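Asks: What follows is a structure written as structure tokens; I'll ask about it next.
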Amino acid sequence: MCSKRSKQKGKRKEFEVETILYKYGFIREPDSGIITGCDLKRVVPGKAINYVEVKYRSGGFRTLYKFLEQSKTSDMLVIQASLKERLYVIPESKMLRLLEEAGYNDIKPEDPGYDLWVYRSEKRKSLKRR
């Protein structure tokens with residue numbers, strides 16, 4: 001069971017990631033996605049990435065960072081546990097570039113979910129004014 005403080009920290013990290021991925025159509029799921037099981041979802045589905053899980057550890061993931069930093073020229077880390085699917089780990093700057101190149105920021109008014117995206121945009125603006 002998570003403590004209240006731990007849950008608040010998790011929510012803060014989810015909001016941080018939403019702030020970065022919002023322009024690509026991703027919004028935070030209420031209550032950490034009790035219904036969908038993910039922290040962020042893309043309001044206009046149909047692309048390869050539609051759901052995002054956010055994990056934060058203050059001292060965690062050191063090994064992953066170390067592996068990525070071992071080679072100054074590697075853009076991606078590929079990891080795999082026995083009998084599991086490979087995971088691809090890339091820095092945020094590369095991920096944002098991939099989303100941009102894949103057209104994730106191309107959200108049109110006729111897309112399903114566009115109204116929700118605009119509504120959340122207006123809500124975000126009103127929260128910033130406070």
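Within each chain, counting starts at residue 1; across the structure tokens, chains are named A, B, ... in the order shown, with ligands numbered 1 upward in that order.
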Excluding segment 89-106 of chain A and any residue of its chain fewer than 2 positions from it, enumerate the residues within 9 Å of it, using only C-alpha atoms, and give them as a PyMOL selection string.

Replies: chain A and resi 20-25+47+64+68+75-79+87+108

Asks: With all heavy atoms retained, export the selected residues as a tab-separated table (two decimals), in the first residue's frame.

Replies:
chain	number	residue	atom	x	y	z
A	20	ILE	N	4.76	17.63	-20.76
A	20	ILE	CA	5.69	17.44	-21.89
A	20	ILE	C	4.98	16.78	-23.07
A	20	ILE	O	5.17	17.17	-24.22
A	20	ILE	CB	6.90	16.61	-21.44
A	20	ILE	CG1	7.71	17.41	-20.41
A	20	ILE	CG2	7.77	16.21	-22.62
A	20	ILE	CD1	8.68	16.59	-19.61
A	21	LEU	N	4.15	15.76	-22.81
A	21	LEU	CA	3.54	14.98	-23.89
A	21	LEU	C	2.18	15.52	-24.34
A	21	LEU	O	1.59	14.99	-25.28
A	21	LEU	CB	3.39	13.52	-23.44
A	21	LEU	CG	4.68	12.76	-23.19
A	21	LEU	CD1	4.37	11.31	-22.80
A	21	LEU	CD2	5.59	12.79	-24.41
A	22	TYR	N	1.69	16.57	-23.68
A	22	TYR	CA	0.36	17.09	-24.01
A	22	TYR	C	0.22	17.49	-25.47
A	22	TYR	O	-0.78	17.19	-26.11
A	22	TYR	CB	0.01	18.27	-23.09
A	22	TYR	CG	-1.38	18.76	-23.35
A	22	TYR	CD1	-2.46	18.06	-22.84
A	22	TYR	CD2	-1.62	19.87	-24.13
A	22	TYR	CE1	-3.76	18.47	-23.09
A	22	TYR	CE2	-2.91	20.28	-24.39
A	22	TYR	CZ	-3.96	19.58	-23.87
A	22	TYR	OH	-5.24	19.98	-24.14
A	23	LYS	N	1.21	18.15	-26.00
A	23	LYS	CA	1.09	18.62	-27.40
A	23	LYS	C	1.05	17.47	-28.40
A	23	LYS	O	0.72	17.67	-29.56
A	23	LYS	CB	2.20	19.61	-27.74
A	23	LYS	CG	3.55	19.04	-28.02
A	23	LYS	CD	4.49	20.16	-28.44
A	23	LYS	CE	5.74	19.64	-29.05
A	23	LYS	NZ	6.57	20.69	-29.57
A	24	TYR	N	1.36	16.25	-27.93
A	24	TYR	CA	1.28	15.06	-28.79
A	24	TYR	C	-0.03	14.30	-28.57
A	24	TYR	O	-0.20	13.20	-29.06
A	24	TYR	CB	2.48	14.15	-28.54
A	24	TYR	CG	3.78	14.86	-28.77
A	24	TYR	CD1	4.58	15.27	-27.71
A	24	TYR	CD2	4.21	15.17	-30.06
A	24	TYR	CE1	5.76	15.95	-27.92
A	24	TYR	CE2	5.39	15.85	-30.28
A	24	TYR	CZ	6.16	16.24	-29.21
A	24	TYR	OH	7.33	16.92	-29.43
A	25	GLY	N	-0.95	14.91	-27.80
A	25	GLY	CA	-2.27	14.33	-27.62
A	25	GLY	C	-2.43	13.46	-26.39
A	25	GLY	O	-3.45	12.79	-26.24
A	47	LYS	N	-2.37	5.55	-33.21
A	47	LYS	CA	-0.93	5.51	-33.42
A	47	LYS	C	-0.35	4.32	-32.67
A	47	LYS	O	-1.04	3.63	-31.93
A	47	LYS	CB	-0.28	6.81	-32.92
A	47	LYS	CG	-0.73	8.05	-33.63
A	47	LYS	CD	-0.01	8.22	-34.93
A	47	LYS	CE	-0.34	9.58	-35.55
A	47	LYS	NZ	0.35	9.79	-36.79
A	64	LEU	N	20.08	1.35	-15.38
A	64	LEU	CA	19.66	1.71	-16.74
A	64	LEU	C	20.40	2.96	-17.22
A	64	LEU	O	20.89	3.02	-18.36
A	64	LEU	CB	18.15	1.95	-16.79
A	64	LEU	CG	17.25	0.74	-16.59
A	64	LEU	CD1	15.80	1.17	-16.60
A	64	LEU	CD2	17.50	-0.30	-17.65
A	68	LEU	N	23.08	3.27	-20.37
A	68	LEU	CA	22.89	4.25	-21.45
A	68	LEU	C	24.10	5.17	-21.59
A	68	LEU	O	24.46	5.57	-22.68
A	68	LEU	CB	21.65	5.09	-21.19
A	68	LEU	CG	20.43	4.84	-22.06
A	68	LEU	CD1	19.28	5.72	-21.64
A	68	LEU	CD2	20.68	4.93	-23.52
A	75	ASP	N	22.09	5.82	-28.84
A	75	ASP	CA	20.86	6.58	-28.66
A	75	ASP	C	19.79	5.77	-27.94
A	75	ASP	O	18.78	6.32	-27.52
A	75	ASP	CB	20.30	7.00	-30.02
A	75	ASP	CG	21.19	8.01	-30.71
A	75	ASP	OD1	21.80	8.83	-30.01
A	75	ASP	OD2	21.27	7.97	-31.95
A	76	MET	N	20.01	4.45	-27.83
A	76	MET	CA	18.98	3.59	-27.29
A	76	MET	C	19.61	2.43	-26.54
A	76	MET	O	20.67	1.93	-26.92
A	76	MET	CB	18.13	3.04	-28.44
A	76	MET	CG	17.00	2.13	-28.03
A	76	MET	SD	16.12	1.40	-29.43
A	76	MET	CE	15.69	2.82	-30.41
A	77	LEU	N	18.94	2.01	-25.49
A	77	LEU	CA	19.34	0.84	-24.72
A	77	LEU	C	18.29	-0.23	-24.92
A	77	LEU	O	17.09	0.04	-24.78
A	77	LEU	CB	19.45	1.20	-23.23
A	77	LEU	CG	19.64	0.06	-22.24
A	77	LEU	CD1	20.99	-0.61	-22.44
A	77	LEU	CD2	19.50	0.58	-20.81
A	78	VAL	N	18.71	-1.43	-25.28
A	78	VAL	CA	17.78	-2.55	-25.45
A	78	VAL	C	18.03	-3.52	-24.31
A	78	VAL	O	19.16	-3.97	-24.11
A	78	VAL	CB	17.99	-3.24	-26.82
A	78	VAL	CG1	16.99	-4.38	-26.98
A	78	VAL	CG2	17.86	-2.25	-27.95
A	79	ILE	N	16.97	-3.83	-23.55
A	79	ILE	CA	17.10	-4.76	-22.44
A	79	ILE	C	16.08	-5.87	-22.59
A	79	ILE	O	15.03	-5.68	-23.22
A	79	ILE	CB	16.93	-4.05	-21.07
A	79	ILE	CG1	15.59	-3.33	-20.99
A	79	ILE	CG2	18.07	-3.07	-20.83
A	79	ILE	CD1	15.29	-2.69	-19.65
A	87	LEU	N	12.66	-4.52	-24.16
A	87	LEU	CA	12.27	-3.15	-23.86
A	87	LEU	C	13.31	-2.22	-24.46
A	87	LEU	O	14.50	-2.49	-24.39
A	87	LEU	CB	12.20	-2.92	-22.34
A	87	LEU	CG	11.24	-3.80	-21.56
A	87	LEU	CD1	11.36	-3.52	-20.07
A	87	LEU	CD2	9.80	-3.59	-22.02
A	108	LYS	N	-6.16	17.00	-35.48
A	108	LYS	CA	-7.10	17.80	-36.27
A	108	LYS	C	-8.48	17.82	-35.60
A	108	LYS	O	-8.85	16.89	-34.90
A	108	LYS	CB	-7.22	17.19	-37.66
A	108	LYS	CG	-5.92	17.14	-38.42
A	108	LYS	CD	-6.13	16.41	-39.75
A	108	LYS	CE	-4.83	16.16	-40.45
A	108	LYS	NZ	-4.05	15.08	-39.85

Asks: I need the residues in segment 18-130 of chain A that are helix (DSSP H, G or I) according to DSSP; give them as number ranges by chain.

Replies: A: 18-24, 30-32, 62-70, 92-101, 114-129

Asks: Please provide as an MDAnalysis selection string all residues within 8 Å of segment 51-55 of chain A, with the sequence filter that same-chain residues fewer than 2 positions apart are discarded (counting only C-alpha atoms).

Replies: chainID A and resid 10 13:14 17 38:42 49 57

Asks: Go through chain A and collect every residue that DSSP, computed from the backbone, puts in strand (DSSP E); the answer should be as a list in words.

Replies: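 For chain A, the strand (DSSP E) set is Phe26, Ile27, Arg28, Leu40, Lys41, Arg42, Tyr51, Val52, Leu77, Val78, Ile79, Leu87, Tyr88 and Val89 of chain A.
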
Asks: Record the distance separating atom CA of Phe15 of chain A and atom CA of Arg28 of chain A, expressed in Å with one decimal.

Replies: 7.0 Å

Asks: Counting only C-alpha atoms, what is within 10 Å of Asp111 of chain A, bar same-chain residues fewer than 5 positions away, as a PyMOL selection string?

Replies: chain A and resi 43-45+106

Asks: So, counting only C-alpha atoms, which residue among A:Gly60, A:Arg86, A:Phe26, A:Gln80 is closest to Ile107 of chain A?

Replies: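 Residue with the minimum atom-to-atom distance to Ile107 of chain A: A:Phe26.
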